[in-house]
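Peer 1: What follows is query-v1.pdb, PDB, C-alpha atoms.
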MODEL        1
ATOM      1  CA  MET A   1      -9.627 -25.947 -79.396
ATOM      2  CA  PRO A   2     -10.490 -25.421 -75.853
ATOM      3  CA  GLU A   3      -8.157 -23.205 -73.894
ATOM      4  CA  SER A   4      -5.620 -25.063 -71.875
ATOM      5  CA  PHE A   5      -6.110 -25.112 -68.136
ATOM      6  CA  THR A   6      -3.175 -24.511 -65.784
ATOM      7  CA  PRO A   7      -3.824 -25.655 -62.224
ATOM      8  CA  SER A   8      -3.348 -22.960 -59.553
ATOM      9  CA  THR A   9      -0.369 -23.313 -57.267
ATOM     10  CA  GLY A  10      -2.416 -21.866 -54.398
ATOM     11  CA  SER A  11       0.210 -19.254 -53.574
ATOM     12  CA  HIS A  12      -2.190 -16.323 -53.908
ATOM     13  CA  THR A  13      -4.736 -18.032 -51.689
ATOM     14  CA  SER A  14      -2.081 -18.919 -49.100
ATOM     15  CA  ASN A  15      -0.798 -15.349 -49.012
ATOM     16  CA  GLN A  16      -4.358 -14.119 -48.595
ATOM     17  CA  VAL A  17      -4.985 -16.571 -45.759
ATOM     18  CA  ARG A  18      -1.769 -15.509 -44.045
ATOM     19  CA  HIS A  19      -2.726 -11.857 -44.416
ATOM     20  CA  ILE A  20      -6.188 -12.482 -42.988
ATOM     21  CA  SER A  21      -4.766 -14.579 -40.139
ATOM     22  CA  ARG A  22      -2.253 -11.878 -39.205
ATOM     23  CA  ARG A  23      -4.922  -9.201 -39.350
ATOM     24  CA  ARG A  24      -7.244 -11.333 -37.237
ATOM     25  CA  PHE A  25      -4.451 -12.003 -34.716
ATOM     26  CA  LEU A  26      -3.669  -8.288 -34.377
ATOM     27  CA  ALA A  27      -7.357  -7.457 -34.014
ATOM     28  CA  THR A  28      -7.776 -10.181 -31.390
ATOM     29  CA  ALA A  29      -4.684  -9.014 -29.522
ATOM     30  CA  ALA A  30      -5.907  -5.406 -29.557
ATOM     31  CA  ALA A  31      -9.313  -6.486 -28.278
ATOM     32  CA  ALA A  32      -7.712  -8.595 -25.569
ATOM     33  CA  GLY A  33      -5.500  -5.675 -24.550
ATOM     34  CA  SER A  34      -8.464  -3.333 -24.406
ATOM     35  CA  GLY A  35     -10.426  -5.856 -22.383
ATOM     36  CA  LEU A  36      -7.520  -6.340 -19.980
ATOM     37  CA  ALA A  37      -7.163  -2.577 -19.524
ATOM     38  CA  LEU A  38     -10.898  -2.266 -18.896
ATOM     39  CA  TYR A  39     -10.732  -5.029 -16.286
ATOM     40  CA  ALA A  40      -7.618  -3.598 -14.600
ATOM     41  CA  GLY A  41      -9.106  -0.093 -14.521
ATOM     42  CA  THR A  42     -12.514  -1.072 -13.159
ATOM     43  CA  TYR A  43     -12.780  -4.454 -11.444
ATOM     44  CA  GLY A  44      -9.061  -4.974 -10.874
ATOM     45  CA  ARG A  45      -8.553  -1.901  -8.728
ATOM     46  CA  HIS A  46     -11.745  -2.425  -6.746
ATOM     47  CA  GLU A  47     -11.518  -6.163  -6.006
ATOM     48  CA  TYR A  48      -9.878  -5.840  -2.594
ATOM     49  CA  GLU A  49      -8.423  -8.497  -0.318
ATOM     50  CA  ILE A  50      -8.415  -8.704   3.469
ATOM     51  CA  VAL A  51      -5.116 -10.326   4.471
ATOM     52  CA  HIS A  52      -5.017 -11.919   7.925
ATOM     53  CA  GLN A  53      -1.497 -11.877   9.324
ATOM     54  CA  ALA A  54      -0.209 -12.957  12.746
ATOM     55  CA  PHE A  55       3.075 -11.591  14.081
ATOM     56  CA  ALA A  56       4.917 -13.368  16.876
ATOM     57  CA  ILE A  57       6.523 -10.633  18.992
ATOM     58  CA  ARG A  58       9.238 -11.277  21.559
ATOM     59  CA  ASN A  59       8.414 -10.281  25.140
ATOM     60  CA  LEU A  60       4.864  -9.285  24.220
ATOM     61  CA  PRO A  61       3.053  -8.418  27.474
ATOM     62  CA  ASP A  62       0.169 -10.647  28.543
ATOM     63  CA  ALA A  63      -2.502  -8.016  27.936
ATOM     64  CA  MET A  64      -1.267  -7.478  24.371
ATOM     65  CA  VAL A  65      -1.518 -11.118  23.295
ATOM     66  CA  GLY A  66      -4.323 -11.187  20.737
ATOM     67  CA  PHE A  67      -4.211  -7.411  20.200
ATOM     68  CA  ARG A  68      -5.566  -6.677  16.719
ATOM     69  CA  ILE A  69      -4.398  -3.997  14.299
ATOM     70  CA  VAL A  70      -5.679  -3.054  10.867
ATOM     71  CA  GLN A  71      -3.221  -1.442   8.469
ATOM     72  CA  ILE A  72      -4.369   0.489   5.413
ATOM     73  CA  SER A  73      -2.067   2.434   3.157
ATOM     74  CA  ASP A  74      -1.693   4.464  -0.031
ATOM     75  CA  ILE A  75      -5.260   5.682  -0.392
ATOM     76  CA  HIS A  76      -4.414   8.256  -3.103
ATOM     77  CA  LEU A  77      -7.857   9.832  -2.900
ATOM     78  CA  GLU A  78      -9.231  11.320  -6.133
ATOM     79  CA  GLU A  79      -6.178  10.232  -8.143
ATOM     80  CA  PHE A  80      -7.469   7.688  -8.645
ATOM     81  CA  THR A  81      -9.337   6.310  -5.628
ATOM     82  CA  GLU A  82     -12.952   7.416  -5.489
ATOM     83  CA  ALA A  83     -14.493   8.602  -2.227
ATOM     84  CA  TRP A  84     -17.129   5.850  -2.422
ATOM     85  CA  PHE A  85     -14.419   3.182  -2.561
ATOM     86  CA  LEU A  86     -12.624   4.589   0.485
ATOM     87  CA  GLU A  87     -15.949   4.679   2.335
ATOM     88  CA  LYS A  88     -16.475   1.026   1.434
ATOM     89  CA  MET A  89     -13.000   0.140   2.737
ATOM     90  CA  ILE A  90     -13.675   1.965   5.987
ATOM     91  CA  ALA A  91     -16.886  -0.043   6.388
ATOM     92  CA  GLU A  92     -14.874  -3.255   5.930
ATOM     93  CA  VAL A  93     -12.352  -2.131   8.545
ATOM     94  CA  ASN A  94     -15.143  -1.321  10.988
ATOM     95  CA  LYS A  95     -16.566  -4.833  10.535
ATOM     96  CA  LEU A  96     -13.230  -6.241  11.695
ATOM     97  CA  ALA A  97     -13.522  -4.179  14.919
ATOM     98  CA  PRO A  98      -9.758  -3.834  15.485
ATOM     99  CA  ASP A  99      -8.161  -2.370  18.589
ATOM    100  CA  LEU A 100      -6.028  -0.008  16.509
ATOM    101  CA  VAL A 101      -5.903   1.278  12.910
ATOM    102  CA  LEU A 102      -2.592   2.307  11.369
ATOM    103  CA  LEU A 103      -2.431   4.431   8.216
ATOM    104  CA  THR A 104       0.963   4.230   6.537
ATOM    105  CA  GLY A 105       0.934   7.261   4.250
ATOM    106  CA  ASP A 106      -0.009   8.632   0.823
ATOM    107  CA  PHE A 107      -3.537   9.793   1.550
ATOM    108  CA  ILE A 108      -3.531  11.895  -1.619
ATOM    109  CA  SER A 109      -1.593  12.069  -4.913
ATOM    110  CA  ARG A 110       0.653  14.772  -6.333
ATOM    111  CA  GLY A 111      -0.330  14.582 -10.006
ATOM    112  CA  PRO A 112      -1.051  13.790 -12.728
ATOM    113  CA  ARG A 113      -4.105  16.056 -12.375
ATOM    114  CA  ASP A 114      -4.012  19.684 -11.296
ATOM    115  CA  PHE A 115      -2.478  20.500  -7.907
ATOM    116  CA  SER A 116      -5.865  21.674  -6.628
ATOM    117  CA  VAL A 117      -7.215  18.109  -6.809
ATOM    118  CA  ALA A 118      -4.715  16.893  -4.223
ATOM    119  CA  TRP A 119      -5.128  20.068  -2.180
ATOM    120  CA  ASN A 120      -8.885  19.574  -1.880
ATOM    121  CA  ALA A 121      -8.671  15.800  -1.415
ATOM    122  CA  ALA A 122      -6.692  16.137   1.835
ATOM    123  CA  GLY A 123      -9.692  17.419   3.777
ATOM    124  CA  THR A 124     -12.102  14.953   2.178
ATOM    125  CA  CYS A 125      -9.843  12.024   3.029
ATOM    126  CA  ALA A 126      -9.457  13.150   6.644
ATOM    127  CA  GLU A 127     -13.223  13.479   6.988
ATOM    128  CA  ILE A 128     -13.889   9.977   5.630
ATOM    129  CA  LEU A 129     -11.216   8.474   7.885
ATOM    130  CA  SER A 130     -12.936  10.035  10.894
ATOM    131  CA  THR A 131     -15.663   7.385  10.479
ATOM    132  CA  LEU A 132     -13.225   4.663  11.603
ATOM    133  CA  LYS A 133     -14.612   3.165  14.809
ATOM    134  CA  ALA A 134     -11.460   1.632  16.317
ATOM    135  CA  PRO A 135     -10.566   2.924  19.785
ATOM    136  CA  GLN A 136      -7.329   4.392  18.425
ATOM    137  CA  ARG A 137      -5.822   5.295  15.066
ATOM    138  CA  PHE A 138      -2.539   6.852  13.980
ATOM    139  CA  ALA A 139      -0.968   7.922  10.706
ATOM    140  CA  ILE A 140       2.405   8.668   9.161
ATOM    141  CA  LEU A 141       3.292  10.705   6.074
ATOM    142  CA  GLY A 142       4.131   9.407   2.608
ATOM    143  CA  ASN A 143       6.094  11.001  -0.195
ATOM    144  CA  HIS A 144       2.955  12.472  -1.810
ATOM    145  CA  GLU A 145       2.116  14.351   1.394
ATOM    146  CA  ILE A 146       5.576  15.935   1.322
ATOM    147  CA  ALA A 147       5.126  16.863  -2.350
ATOM    148  CA  VAL A 148       1.771  18.538  -1.717
ATOM    149  CA  GLY A 149       2.665  20.055   1.645
ATOM    150  CA  ALA A 150       2.944  18.070   4.867
ATOM    151  CA  GLU A 151       1.154  20.559   7.109
ATOM    152  CA  HIS A 152      -1.740  20.824   4.679
ATOM    153  CA  VAL A 153      -2.339  17.092   5.147
ATOM    154  CA  ILE A 154      -1.491  16.854   8.845
ATOM    155  CA  GLN A 155      -3.870  19.635   9.881
ATOM    156  CA  PRO A 156      -7.136  18.094   8.632
ATOM    157  CA  LEU A 157      -6.118  14.597   9.738
ATOM    158  CA  GLU A 158      -5.492  15.728  13.298
ATOM    159  CA  ALA A 159      -8.543  18.003  13.279
ATOM    160  CA  HIS A 160     -10.619  14.896  12.461
ATOM    161  CA  GLY A 161      -9.063  12.752  15.181
ATOM    162  CA  THR A 162      -6.151  11.047  13.387
ATOM    163  CA  PRO A 163      -2.828  11.863  15.091
ATOM    164  CA  VAL A 164       0.177  11.914  12.744
ATOM    165  CA  LEU A 165       3.492  10.602  14.049
ATOM    166  CA  VAL A 166       6.418  12.425  12.440
ATOM    167  CA  ASP A 167       9.558  11.080  14.131
ATOM    168  CA  ARG A 168       7.539  10.516  17.288
ATOM    169  CA  PHE A 169       6.415   7.578  19.402
ATOM    170  CA  PHE A 170       3.347   6.864  21.484
ATOM    171  CA  PRO A 171       2.467   4.164  24.047
ATOM    172  CA  ILE A 172      -0.345   1.755  23.155
ATOM    173  CA  GLU A 173      -1.630   0.554  26.514
ATOM    174  CA  ARG A 174      -3.886  -2.038  28.057
ATOM    175  CA  GLY A 175      -3.905  -1.550  31.789
ATOM    176  CA  SER A 176      -0.267  -1.499  32.917
ATOM    177  CA  ASP A 177       0.965  -3.339  29.781
ATOM    178  CA  ARG A 178       2.076  -1.588  26.624
ATOM    179  CA  PHE A 179       3.944  -1.584  23.378
ATOM    180  CA  TRP A 180       5.388   1.469  21.643
ATOM    181  CA  LEU A 181       4.113   2.750  18.330
ATOM    182  CA  ALA A 182       6.817   4.666  16.471
ATOM    183  CA  GLY A 183       6.282   6.757  13.352
ATOM    184  CA  ALA A 184       9.094   7.944  11.078
ATOM    185  CA  ASN A 185       9.014  10.857   8.669
ATOM    186  CA  ASP A 186       8.836  10.029   4.963
ATOM    187  CA  ALA A 187      12.071   8.347   3.891
ATOM    188  CA  ASP A 188      11.880   9.269   0.207
ATOM    189  CA  SER A 189      11.783  13.050   0.408
ATOM    190  CA  THR A 190      13.144  13.679   3.910
ATOM    191  CA  LEU A 191      15.634  12.110   6.297
ATOM    192  CA  PRO A 192      13.839  10.364   9.182
ATOM    193  CA  ASP A 193      15.368  10.701  12.630
ATOM    194  CA  LEU A 194      15.124   7.265  14.256
ATOM    195  CA  ASN A 195      16.702   8.646  17.428
ATOM    196  CA  ARG A 196      13.543  10.705  17.857
ATOM    197  CA  ALA A 197      11.112   8.203  16.351
ATOM    198  CA  VAL A 198      12.112   5.208  18.508
ATOM    199  CA  PRO A 199      12.309   5.370  22.326
ATOM    200  CA  ASP A 200      15.842   4.828  23.640
ATOM    201  CA  ASP A 201      14.785   2.584  26.537
ATOM    202  CA  PRO A 202      11.374   1.150  25.610
ATOM    203  CA  ARG A 203      11.297  -1.909  27.927
ATOM    204  CA  ALA A 204       8.462  -3.131  25.707
ATOM    205  CA  PRO A 205       8.010  -4.135  22.046
ATOM    206  CA  VAL A 206       8.299  -1.434  19.380
ATOM    207  CA  VAL A 207       6.211  -1.267  16.197
ATOM    208  CA  LEU A 208       7.686   1.162  13.659
ATOM    209  CA  MET A 209       5.747   2.719  10.771
ATOM    210  CA  VAL A 210       7.796   3.876   7.763
ATOM    211  CA  HIS A 211       6.158   4.570   4.412
ATOM    212  CA  GLU A 212       8.980   3.236   2.190
ATOM    213  CA  PRO A 213       9.772  -0.449   2.835
ATOM    214  CA  ASP A 214      13.301  -0.376   1.391
ATOM    215  CA  TYR A 215      14.228   1.957   4.244
ATOM    216  CA  ALA A 216      14.390  -1.254   6.282
ATOM    217  CA  ASP A 217      17.949  -1.741   5.015
ATOM    218  CA  TYR A 218      18.879   1.507   6.764
ATOM    219  CA  VAL A 219      16.952   0.557   9.891
ATOM    220  CA  VAL A 220      18.916  -2.681  10.360
ATOM    221  CA  GLN A 221      22.152  -0.658  10.468
ATOM    222  CA  HIS A 222      20.888   1.900  12.968
ATOM    223  CA  PRO A 223      21.808   1.721  16.678
ATOM    224  CA  ARG A 224      18.094   1.590  17.583
ATOM    225  CA  PHE A 225      17.518  -1.490  15.376
ATOM    226  CA  PRO A 226      17.794  -3.974  18.299
ATOM    227  CA  LEU A 227      14.788  -2.254  19.902
ATOM    228  CA  ILE A 228      12.419  -2.610  16.919
ATOM    229  CA  ASP A 229      10.260  -5.726  16.593
ATOM    230  CA  LEU A 230       7.961  -4.974  13.653
ATOM    231  CA  MET A 231       8.095  -2.472  10.794
ATOM    232  CA  LEU A 232       4.964  -1.665   8.757
ATOM    233  CA  SER A 233       5.201  -0.035   5.323
ATOM    234  CA  GLY A 234       3.289   0.614   2.100
ATOM    235  CA  HIS A 235       4.418   2.708  -0.891
ATOM    236  CA  SER A 236       5.088  -0.092  -3.411
ATOM    237  CA  HIS A 237       1.413  -0.870  -4.196
ATOM    238  CA  GLY A 238       2.695  -4.403  -4.700
ATOM    239  CA  GLY A 239       3.681  -3.330  -8.200
ATOM    240  CA  GLN A 240       0.055  -2.555  -9.224
ATOM    241  CA  ILE A 241       0.308  -4.683 -12.384
ATOM    242  CA  ARG A 242       1.757  -8.175 -12.025
ATOM    243  CA  LEU A 243       2.161 -10.332 -15.119
ATOM    244  CA  PRO A 244       3.061 -14.038 -15.233
ATOM    245  CA  PHE A 245       6.836 -14.566 -15.498
ATOM    246  CA  LEU A 246       7.419 -10.785 -15.428
ATOM    247  CA  GLY A 247       6.263  -9.973 -11.914
ATOM    248  CA  PRO A 248       5.497  -6.412 -10.750
ATOM    249  CA  LEU A 249       5.722  -3.762 -13.457
ATOM    250  CA  ILE A 250       5.402  -0.479 -11.540
ATOM    251  CA  LEU A 251       7.739  -0.075  -8.576
ATOM    252  CA  PRO A 252       8.736   3.310  -7.120
ATOM    253  CA  PRO A 253      12.112   4.244  -5.637
ATOM    254  CA  GLY A 254      12.137   3.045  -2.054
ATOM    255  CA  GLY A 255       9.797   0.166  -2.872
ATOM    256  CA  LYS A 256      11.751  -1.986  -5.311
ATOM    257  CA  LYS A 257      13.321  -4.569  -2.988
ATOM    258  CA  TYR A 258      10.591  -5.329  -0.457
ATOM    259  CA  VAL A 259       7.530  -5.295  -2.693
ATOM    260  CA  GLU A 260       4.706  -6.901  -0.699
ATOM    261  CA  GLY A 261       4.015  -9.191   2.210
ATOM    262  CA  HIS A 262       6.152 -10.500   5.055
ATOM    263  CA  PHE A 263       9.941 -10.350   5.398
ATOM    264  CA  GLN A 264      12.279 -11.346   8.224
ATOM    265  CA  LEU A 265      15.333  -9.139   8.834
ATOM    266  CA  GLY A 266      17.150 -10.604  11.785
ATOM    267  CA  HIS A 267      14.849 -10.352  14.777
ATOM    268  CA  MET A 268      12.734  -7.618  13.087
ATOM    269  CA  GLN A 269       9.753  -8.458  10.920
ATOM    270  CA  LEU A 270       8.743  -6.232   8.003
ATOM    271  CA  TYR A 271       5.302  -6.195   6.439
ATOM    272  CA  VAL A 272       4.522  -4.340   3.200
ATOM    273  CA  ASN A 273       0.878  -3.529   2.488
ATOM    274  CA  ARG A 274      -0.171  -3.277  -1.200
ATOM    275  CA  GLY A 275      -2.276  -0.179  -0.526
ATOM    276  CA  LEU A 276      -5.786   0.764  -1.613
ATOM    277  CA  GLY A 277      -5.080   3.164  -4.468
ATOM    278  CA  THR A 278      -2.988   3.516  -7.588
ATOM    279  CA  VAL A 279      -0.570   6.066  -9.042
ATOM    280  CA  GLY A 280       0.470   6.889 -12.574
ATOM    281  CA  MET A 281      -2.445   5.026 -14.087
ATOM    282  CA  PRO A 282      -5.727   3.768 -12.600
ATOM    283  CA  PHE A 283      -4.917   0.081 -13.131
ATOM    284  CA  ARG A 284      -4.388  -2.992 -10.973
ATOM    285  CA  LEU A 285      -3.885  -6.506 -12.314
ATOM    286  CA  ASN A 286      -3.175  -9.619 -10.210
ATOM    287  CA  CYS A 287      -2.434  -7.205  -7.381
ATOM    288  CA  PRO A 288      -5.631  -6.369  -5.473
ATOM    289  CA  PRO A 289      -5.995  -3.518  -2.982
ATOM    290  CA  GLU A 290      -5.244  -4.721   0.528
ATOM    291  CA  ILE A 291      -6.570  -4.337   4.048
ATOM    292  CA  THR A 292      -4.175  -6.039   6.468
ATOM    293  CA  HIS A 293      -5.712  -7.521   9.626
ATOM    294  CA  ILE A 294      -2.891  -8.119  12.108
ATOM    295  CA  THR A 295      -2.961 -10.163  15.301
ATOM    296  CA  LEU A 296      -0.099  -9.927  17.795
ATOM    297  CA  THR A 297       1.068 -13.139  19.447
ATOM    298  CA  ARG A 298       3.996 -13.899  21.728
ATOM    299  CA  ALA A 299       7.121 -15.393  20.181
TER     300      ALA A 299
ENDMDL
END
Let me see the structure of the file written as structure tokens.
Peer 2:
Amino acid sequence: MPESFTPSTGSHTSNQVRHISRRRFLATAAAAGSGLALYAGTYGRHEYEIVHQAFAIRNLPDAMVGFRIVQISDIHLEEFTEAWFLEKMIAEVNKLAPDLVLLTGDFISRGPRDFSVAWNAAGTCAEILSTLKAPQRFAILGNHEIAVGAEHVIQPLEAHGTPVLVDRFFPIERGSDRFWLAGANDADSTLPDLNRAVPDDPRAPVVLMVHEPDYADYVVQHPRFPLIDLMLSGHSHGGQIRLPFLGPLILPPGGKKYVEGHFQLGHMQLYVNRGLGTVGMPFRLNCPPEITHITLTRA
């Protein structure tokens, strides 16, 4: 007699299909993750954005209406910003032909590579920045400058024509009209002295540079706060990696509340630049490097 035939239930085949599907899903996910990392580490951190931002300033003198400023921040040369990329950004700034360039800290990085990398990068960064063609430029310090050694960064910057404001102010003038540019010391690793950084009787608008944007909450409580019209910061990098529904993933102390863009704090405006470089890892996703092109108008 012929052997009886028992139809298959298909359970073995179904288990095999499920196993293959799971394996294929994991392989696809791994490939997608690798592709995303490759994009974030190459294109993502080099696809920059020029942000055009107008600030209406109370009592802005006639000659300063239309005054144009470019802000760049958080260069982090060599870790991980390449010299060629900084040179490209400088060329873009020069095309904008601003009246003033402001550099809001972190020219180099303290780690993860050997200390000598940051030490050597300070001079290289200062030399590249000397190719800026704006009539004036000024800088402040960031937390990485303090970690490496403030004077080691200040010296080459100033030797190459970039004055560094450490709790100091300076008049920006057109004829007899002016506004005051104030620069605070790094707020993460030191204690800025706003009584020295901001003039006590300015009789003109005041633009304050502070590396850490969350320091704004201290500024609004300070007696000199009524004198300050605009605060410019960096430090946060905009979070570097921004995912849908999750938002920014990498935020440093001092840059967790005011992450990027424009904020209004009473009469004072705060603007947070996303920076050019990265820290921790050489990745940017949905958070491009930023050059901010600022135009002053009268409120």
Peer 1: With distances taken over only C-alpha atoms, which of A:Arg298, A:Arg45, A:Arg274, A:Arg174 is nearest to Asp74 of chain A?
Peer 2: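 Nearest to Asp74 of chain A: A:Arg274.
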Peer 1: The PyMOL selection byres ((chain A and resi 55-62) around 8) on the file shown: which residues, as a VMD selection string?
Peer 2: chain A and resid 53 to 54 63 to 65 177 to 179 204 to 205 229 to 230 294 to 299
Peer 1: Provide the atom CA of Thr81 of chain A to atom CA of Glu158 of chain A distance in Å, to one decimal place.
Peer 2: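 Straight-line distance from atom CA of Thr81 of chain A to atom CA of Glu158 of chain A works out to 21.5 Å.
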Peer 1: May I have the protein, DNA and RNA residues with an atom at most 6 Å from (-0.3, 6.9, 6.4), counting only C-alpha atoms in the file's coordinates, returned as a list in words?
Peer 2: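 Selection result: Ser73, Leu103, Thr104, Gly105, Asp106, Ala139, Ile140 and Leu141 of chain A.
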Peer 1: Which centre and which edge lengths, in Å to one decimal, describe the axis-aligned box that holds all listed atoms of segment 229-245 of chain A after 6 Å is added on each side, as JSON?
Peer 2:
{"center_x": 5.2, "center_y": -5.9, "center_z": 0.5, "size_x": 22.2, "size_y": 29.3, "size_z": 44.1}
Peer 1: From the list A:Ala182, A:Ser233, A:Ala197, A:Val279, which residue is nearest Ser109 of chain A when using all atoms listed in the file?
Peer 2: A:Val279
Peer 1: What is the distance, in Å and to one decimal place, between atom CA of Pro223 of chain A and atom CA of Leu191 of chain A?
Peer 2: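 Spanning atom CA of Pro223 of chain A to atom CA of Leu191 of chain A is a straight-line distance of 15.9 Å.
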Peer 1: With 7 Å as the threshold, what does the neighbourhood of (9.4, 5.2, 9.2) contain in terms of residues, counting only C-alpha atoms? Coordinates are those of the file; answer as a ChimeraX atom specification.
Peer 2: /A:183-187,192,208-211
Peer 1: For those residues, write C-alpha atoms to a file as a JSON list (two decimals), in the frame of the given file.
Peer 2:
[["chain", "number", "residue", "atom", "x", "y", "z"],
["A", 183, "GLY", "CA", 6.28, 6.76, 13.35],
["A", 184, "ALA", "CA", 9.09, 7.94, 11.08],
["A", 185, "ASN", "CA", 9.01, 10.86, 8.67],
["A", 186, "ASP", "CA", 8.84, 10.03, 4.96],
["A", 187, "ALA", "CA", 12.07, 8.35, 3.89],
["A", 192, "PRO", "CA", 13.84, 10.36, 9.18],
["A", 208, "LEU", "CA", 7.69, 1.16, 13.66],
["A", 209, "MET", "CA", 5.75, 2.72, 10.77],
["A", 210, "VAL", "CA", 7.80, 3.88, 7.76],
["A", 211, "HIS", "CA", 6.16, 4.57, 4.41]]
Peer 1: Could you give me, as a PyMOL selection string, the residues within 10 Å of Pro112 of chain A, counting only C-alpha atoms and dropping anything in the same chain fewer than 4 positions from it?
Peer 2: chain A and resi 79-80+117-118+279-281
Peer 1: Store the residues picked out above in a file with C-alpha atoms, as a compact mmCIF listing (two decimals), keeping the file's coordinate frame.
Peer 2:
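Written output follows (part-v9.txt):
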# COMPACT_ATOMS: atom_id res chain seq x y z
CA GLU A 79 -6.18 10.23 -8.14
CA PHE A 80 -7.47 7.69 -8.64
CA VAL A 117 -7.22 18.11 -6.81
CA ALA A 118 -4.72 16.89 -4.22
CA VAL A 279 -0.57 6.07 -9.04
CA GLY A 280 0.47 6.89 -12.57
CA MET A 281 -2.44 5.03 -14.09
